[in-house]
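S.K.: Dropping the structure in here first, questions after.
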Amino acid sequence: MIQRVRFAPSPTGSVHIGNMRVAIFNWLFARHAGGRFLLRIEDTDRERSTPEAIETLLAALRWLELDWDEEPMYQSDRANAHAEAAERLLAAGAAYREDKGGKGECVVFRMPDEDAVFHDELKGELRKKSEDMADFVIVRSNGAPVFHLANVVDDIAMKITHVLRGDDHIENTYRHVALFRALGAEPPRYAHFPMIVNRQGKPYSKRDGDAFVGDFREKGFRPDALFNYLALLGWSPGDDREKMTRAEMVEAFSLDRVKNSPAQMDLQKLTHLNGLYVAEMPAEEFRAQARAVLADCAWGRDIPEAALTPVCELMQSRTKVFSDVVDWRYFFDAMPTYDEKAVRKGLGKDGVRAALTRLIALLEQYPFDEAGIEKAIREAEREAGIREGKLNFAVRVATTGIATGAGLYETLALLGKDKTVARLRHATEHLCG
RNA sequence: GCGCCCAUCGUCUAUCGGCCAGGACACCAGGUUUUCAUCCUGGUAAGCGGGGUUCGAUUCCCCGUGGGCGCGCCA
């Protein structure tokens, strides 16, 4: 039998990272098994489920290349099926009408008078005593179906074989299993994944920042890196592999390798992984991405291709996230923005002013290329009695304003003699301690 | 309160009774006789507590403790 799983989000305008990981696990499961990955939009909340919210959701799925099979089901189209199911349950005595709070009659599902049991693919046999479960509303007094009913009726219609969702649904599952049976359907198999939690161990929320797929996209994370990272949150291939291609993940994925304890999001590790992906991007693609970031900066919009290309070549290997690109400003502006701390540390020492002043003169004596620049700096050090290599940091701060960057000689060669000399001069006149 | 789920380095994880408890991120030290966000090498760092079962438990069972979830005419 072909396995059919579904991702059934309710569109709210932003896509939560925990939800997306559930989608990833469903997708991986389906692709591994050669089954179907289906989409159901639970858009019965008409206030929040706007066309824009739905588009945001689909865009997030497309961005992560979670391609779905068949036409998505829209729950809002299913009112008749839900109502009909409620009628059947009523007719069979599995449900009854009741006015629970003066709001008019609603339809209540009668929980069977027996313990609820189901087999969870991750957690084993899960059970709950009959007396610990109460009947529950399936149709509101205004006629609208409640989540439980709609969810089960639609899963039946979609012929879902495996429901893979967050373990915050475990309690619902006891009810859902009963609903499936009452509707004459065999319940699907279930697996409940642990949640993604924050530092405090609470479910990851928007208050924690970076809670939505869009946040990562905006910051310049790559979708393949985010996919890879999220897949590893709660799942591992069983060996030491971490950076994996989709094909490898599809091949290796199985439910019995999914952990059943909650995982905490580690932005640093995601950033590291993203850097590995960035490093192997084709140069043109890297440039296009950098260009997209620059387009949002007033100073970065009109950089000619000829100026941008060498900077990209220099910086790609050390770019981890595309938002890093906003720090490239010193390559293009006349003057860098000087970081106070770096200035203090790099330009504050005695003798630095004299050495840099001498360097300005020495730069005139050699060709302005990497080798010539290095020679000039070495010579300036010798003359000033500074230990070899020690002047580099001062030069770096004087010319780029910050403490870190690419290779110094390459950076200066790229900057050009005019900017380099002007900045060195500025440093000797205004910044040295 | 009642019920359910969970528990290995700071974090993500490996281990399916015998491990010097392995890897990764982060961190620290060193190297790439120049910086560095790349790269290489090395290091610090873990089995929540108490009972069992067993020749032997991180691993199996029980009880605590801690955290999470559920107990809606929300999804």
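Following the order of the structure tokens, first chain is A, next is B, and so on, with residues numbered from 1 inside each chain and ligands from 1 in the order they appear.
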Contacts of His176 (chain A) at 10 Å or less, counting only C-alpha atoms (C1' of nucleotides), minus same-chain residues fewer than 4 places along, as JSON, numbers by chain?
M.R.: {"A": [148, 149, 151, 152, 153, 169, 170, 171, 172, 180, 181, 182, 187, 188]}
S.K.: Using N, CA, C and O atoms, can you write the selected residues to a file as an mmCIF file, in the first residue's frame?
M.R.:
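Resulting contents of again-v2.cif:
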data_model
loop_
_atom_site.group_PDB
_atom_site.id
_atom_site.type_symbol
_atom_site.label_atom_id
_atom_site.label_comp_id
_atom_site.auth_asym_id
_atom_site.auth_seq_id
_atom_site.Cartn_x
_atom_site.Cartn_y
_atom_site.Cartn_z
ATOM 1 N N HIS A 148 -11.253 18.913 15.602
ATOM 2 C CA HIS A 148 -11.172 17.448 15.685
ATOM 3 C C HIS A 148 -11.963 16.772 14.574
ATOM 4 O O HIS A 148 -11.481 15.855 13.915
ATOM 5 N N LEU A 149 -13.182 17.225 14.385
ATOM 6 C CA LEU A 149 -14.047 16.608 13.372
ATOM 7 C C LEU A 149 -13.478 16.830 11.973
ATOM 8 O O LEU A 149 -13.312 15.888 11.190
ATOM 9 N N ASN A 151 -10.541 17.631 11.012
ATOM 10 C CA ASN A 151 -9.261 16.989 10.834
ATOM 11 C C ASN A 151 -9.411 15.516 10.462
ATOM 12 O O ASN A 151 -8.809 15.018 9.511
ATOM 13 N N VAL A 152 -10.268 14.837 11.197
ATOM 14 C CA VAL A 152 -10.444 13.402 10.982
ATOM 15 C C VAL A 152 -11.212 13.130 9.681
ATOM 16 O O VAL A 152 -10.819 12.280 8.876
ATOM 17 N N VAL A 153 -12.253 13.869 9.463
ATOM 18 C CA VAL A 153 -13.040 13.664 8.238
ATOM 19 C C VAL A 153 -12.159 13.893 7.004
ATOM 20 O O VAL A 153 -12.210 13.125 6.039
ATOM 21 N N HIS A 169 0.002 17.088 20.153
ATOM 22 C CA HIS A 169 -1.266 16.522 19.674
ATOM 23 C C HIS A 169 -1.598 15.168 20.284
ATOM 24 O O HIS A 169 -2.620 14.570 19.945
ATOM 25 N N ILE A 170 -0.732 14.672 21.152
ATOM 26 C CA ILE A 170 -0.958 13.327 21.670
ATOM 27 C C ILE A 170 -2.347 13.178 22.299
ATOM 28 O O ILE A 170 -3.071 12.224 22.022
ATOM 29 N N GLU A 171 -2.711 14.151 23.093
ATOM 30 C CA GLU A 171 -4.020 14.061 23.765
ATOM 31 C C GLU A 171 -5.151 14.049 22.737
ATOM 32 O O GLU A 171 -6.174 13.394 22.928
ATOM 33 N N ASN A 172 -4.973 14.809 21.660
ATOM 34 C CA ASN A 172 -6.001 14.826 20.627
ATOM 35 C C ASN A 172 -6.137 13.467 19.959
ATOM 36 O O ASN A 172 -7.219 13.070 19.547
ATOM 37 N N PHE A 180 -12.312 8.256 14.227
ATOM 38 C CA PHE A 180 -12.114 7.415 13.032
ATOM 39 C C PHE A 180 -13.006 6.176 13.118
ATOM 40 O O PHE A 180 -13.728 5.833 12.189
ATOM 41 N N ARG A 181 -12.943 5.512 14.256
ATOM 42 C CA ARG A 181 -13.700 4.269 14.423
ATOM 43 C C ARG A 181 -15.194 4.528 14.308
ATOM 44 O O ARG A 181 -15.915 3.790 13.635
ATOM 45 N N ALA A 182 -15.650 5.594 14.962
ATOM 46 C CA ALA A 182 -17.077 5.902 14.942
ATOM 47 C C ALA A 182 -17.550 6.213 13.526
ATOM 48 O O ALA A 182 -18.715 6.014 13.180
ATOM 49 N N PRO A 187 -8.173 3.897 11.774
ATOM 50 C CA PRO A 187 -7.291 5.037 12.073
ATOM 51 C C PRO A 187 -5.943 4.872 11.369
ATOM 52 O O PRO A 187 -5.504 3.740 11.153
ATOM 53 N N PRO A 188 -5.314 5.969 11.032
ATOM 54 C CA PRO A 188 -3.970 5.890 10.440
ATOM 55 C C PRO A 188 -2.959 5.498 11.496
ATOM 56 O O PRO A 188 -3.292 5.384 12.671
#
S.K.: At a cut-off of 12 Å, which residues of chain B touch chain A? Count only C-alpha atoms (C1' of nucleotides) and give the answer as a PyMOL selection string.
M.R.: chain B and resi 2-8+10-16+22-26+33-39+66-75
S.K.: Quick one, how far is CA of Ser130 (chain A) from CA of Glu114 (chain A)?
M.R.: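 Computed distance, CA of Ser130 (chain A) to CA of Glu114 (chain A), equals 5.1 Å.
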S.K.: If you measure from CA of Phe29 (chain A) to CA of Leu64 (chain A), what distance in Å do you get, rounded to one decimal?
M.R.: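 Taking CA of Phe29 (chain A) as the start and CA of Leu64 (chain A) as the end point, the length is 15.7 Å.
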S.K.: Got a sec: who's within 10 Å of Gly351 (chain A), counting only C-alpha atoms (C1' of nucleotides), leaving out chain neighbours fewer than 6 positions off, as a VMD selection string?
M.R.: chain A and resid 357 384 to 386 432 to 433
S.K.: So which residues touch Arg287 (chain A) within 9 Å, counting only C-alpha atoms (C1' of nucleotides), skipping near sequence neighbours fewer than 6 positions away, as a PyMOL selection string?
M.R.: chain A and resi 308-309+312-313+316
S.K.: Could you write out that same residue set with C-alpha atoms as a PDB file, in the first residue's frame?
M.R.:
ATOM      1  CA  LEU A 308      31.692  43.935  -6.738  1.00  0.00           C
ATOM      2  CA  THR A 309      33.071  40.801  -8.340  1.00  0.00           C
ATOM      3  CA  CYS A 312      32.765  38.653  -3.686  1.00  0.00           C
ATOM      4  CA  GLU A 313      35.671  36.450  -4.649  1.00  0.00           C
ATOM      5  CA  GLN A 316      32.725  34.229  -0.183  1.00  0.00           C
TER       6      GLN A 316
END
S.K.: For each of B:G1, B:G64, B:G42, B:G47, take the minimum atom-to-atom distance to A21 (chain B), counting only C-alpha atoms (C1' of nucleotides), then give the residue where this is smallest.
M.R.: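 For A21 (chain B), the nearest of the candidates is B:G47.
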S.K.: I need the residues of region 80-177 of chain A that end up classed as strand (DSSP E) by DSSP on the backbone, written out as an NGL selection string.
M.R.: :A and (95-99 or 105-109 or 116-120 or 124-128 or 136-139 or 162-166)
S.K.: Mind dumping the selected residues with N, CA and C atoms as a compact mmCIF listing (two decimals), in the first residue's frame?
M.R.:
# COMPACT_ATOMS: atom_id res chain seq x y z
N ALA A 95 -22.92 10.56 18.77
CA ALA A 95 -22.86 11.96 19.15
C ALA A 95 -24.26 12.39 19.57
N TYR A 96 -24.31 13.50 20.29
CA TYR A 96 -25.61 13.98 20.74
C TYR A 96 -25.61 15.50 20.77
N ARG A 97 -26.81 16.05 20.78
CA ARG A 97 -26.92 17.51 20.81
C ARG A 97 -27.06 17.98 22.25
N GLU A 98 -26.46 19.13 22.51
CA GLU A 98 -26.57 19.64 23.87
C GLU A 98 -26.32 21.14 23.85
N ASP A 99 -27.00 21.82 24.72
CA ASP A 99 -26.74 23.25 24.89
C ASP A 99 -25.85 23.39 26.11
N GLU A 105 -27.68 24.82 20.75
CA GLU A 105 -27.24 23.43 20.74
C GLU A 105 -26.01 23.21 19.88
N CYS A 106 -25.06 22.47 20.42
CA CYS A 106 -23.91 22.06 19.63
C CYS A 106 -23.92 20.53 19.58
N VAL A 107 -23.05 19.99 18.75
CA VAL A 107 -22.98 18.53 18.65
C VAL A 107 -21.77 18.05 19.44
N VAL A 108 -22.02 17.08 20.31
CA VAL A 108 -20.97 16.58 21.18
C VAL A 108 -20.69 15.11 20.86
N PHE A 109 -19.42 14.80 20.73
CA PHE A 109 -19.03 13.41 20.45
C PHE A 109 -18.96 12.64 21.76
N ALA A 116 -8.57 4.32 25.91
CA ALA A 116 -8.09 4.63 24.56
C ALA A 116 -6.65 4.17 24.43
N VAL A 117 -6.36 3.51 23.35
CA VAL A 117 -5.00 3.01 23.13
C VAL A 117 -4.63 3.22 21.67
N PHE A 118 -3.43 3.62 21.43
CA PHE A 118 -2.93 3.59 20.06
C PHE A 118 -1.44 3.37 20.09
N HIS A 119 -0.95 2.91 18.96
CA HIS A 119 0.49 2.66 18.88
C HIS A 119 1.16 3.85 18.23
N ASP A 120 2.11 4.46 18.94
CA ASP A 120 2.86 5.57 18.37
C ASP A 120 4.17 5.02 17.84
N GLY A 124 5.85 4.17 21.19
CA GLY A 124 5.29 2.88 21.56
C GLY A 124 3.81 2.97 21.88
N GLU A 125 3.35 2.05 22.70
CA GLU A 125 1.92 2.03 23.00
C GLU A 125 1.55 3.15 23.97
N LEU A 126 0.61 3.96 23.57
CA LEU A 126 0.15 5.07 24.41
C LEU A 126 -1.29 4.79 24.81
N ARG A 127 -1.59 5.00 26.07
CA ARG A 127 -2.96 4.72 26.50
C ARG A 127 -3.44 5.72 27.52
N LYS A 128 -4.74 5.81 27.57
CA LYS A 128 -5.35 6.74 28.50
C LYS A 128 -6.67 6.14 28.98
N PHE A 136 -16.50 15.56 23.79
CA PHE A 136 -16.05 16.87 23.31
C PHE A 136 -16.90 17.35 22.13
N VAL A 137 -16.94 18.65 22.00
CA VAL A 137 -17.74 19.28 20.96
C VAL A 137 -17.12 19.05 19.59
N ILE A 138 -17.95 18.67 18.62
CA ILE A 138 -17.44 18.52 17.26
C ILE A 138 -18.08 19.50 16.27
N VAL A 139 -19.26 20.01 16.64
CA VAL A 139 -19.87 21.06 15.80
C VAL A 139 -20.38 22.16 16.72
N HIS A 162 -0.48 7.81 7.45
CA HIS A 162 0.37 8.12 8.59
C HIS A 162 0.18 9.58 8.98
N VAL A 163 -0.13 9.79 10.24
CA VAL A 163 -0.22 11.16 10.73
C VAL A 163 1.04 11.42 11.56
N LEU A 164 1.86 12.31 11.05
CA LEU A 164 3.11 12.64 11.72
C LEU A 164 3.03 14.10 12.14
N ARG A 165 2.99 14.36 13.44
CA ARG A 165 2.76 15.71 13.91
C ARG A 165 3.46 15.93 15.25
N GLY A 166 3.34 17.12 15.80
CA GLY A 166 4.00 17.45 17.05
C GLY A 166 3.36 16.72 18.23
S.K.: Write down as a PyMOL selection string the residues belonging to region 93-283 of chain A that are assigned alpha helix (DSSP H) by DSSP computed on the backbone.
M.R.: chain A and resi 147-157+170-182+213-219+223-231+246-252+267-279+283
S.K.: Quick one: distance from CA of His82 (chain A) to CA of Ala150 (chain A) in Å, one decimal?
M.R.: 5.9 Å
S.K.: Between A:Asn198, A:Ser254, A:Asn228, A:Thr399, which one has atoms that come closest to Arg31 (chain A), using only C-alpha atoms?
M.R.: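 Comparing A:Asn198, A:Ser254, A:Asn228, A:Thr399 against Arg31 (chain A), the winner is A:Ser254.
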S.K.: Out of B:A46, B:C19, B:C9, B:C27, which residue has the shortest atom-to-atom distance to U59 (chain B) when counting only C-alpha atoms (C1' of nucleotides)?
M.R.: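 Using only C-alpha atoms (C1' of nucleotides), U59 (chain B) sits closest to B:C19.
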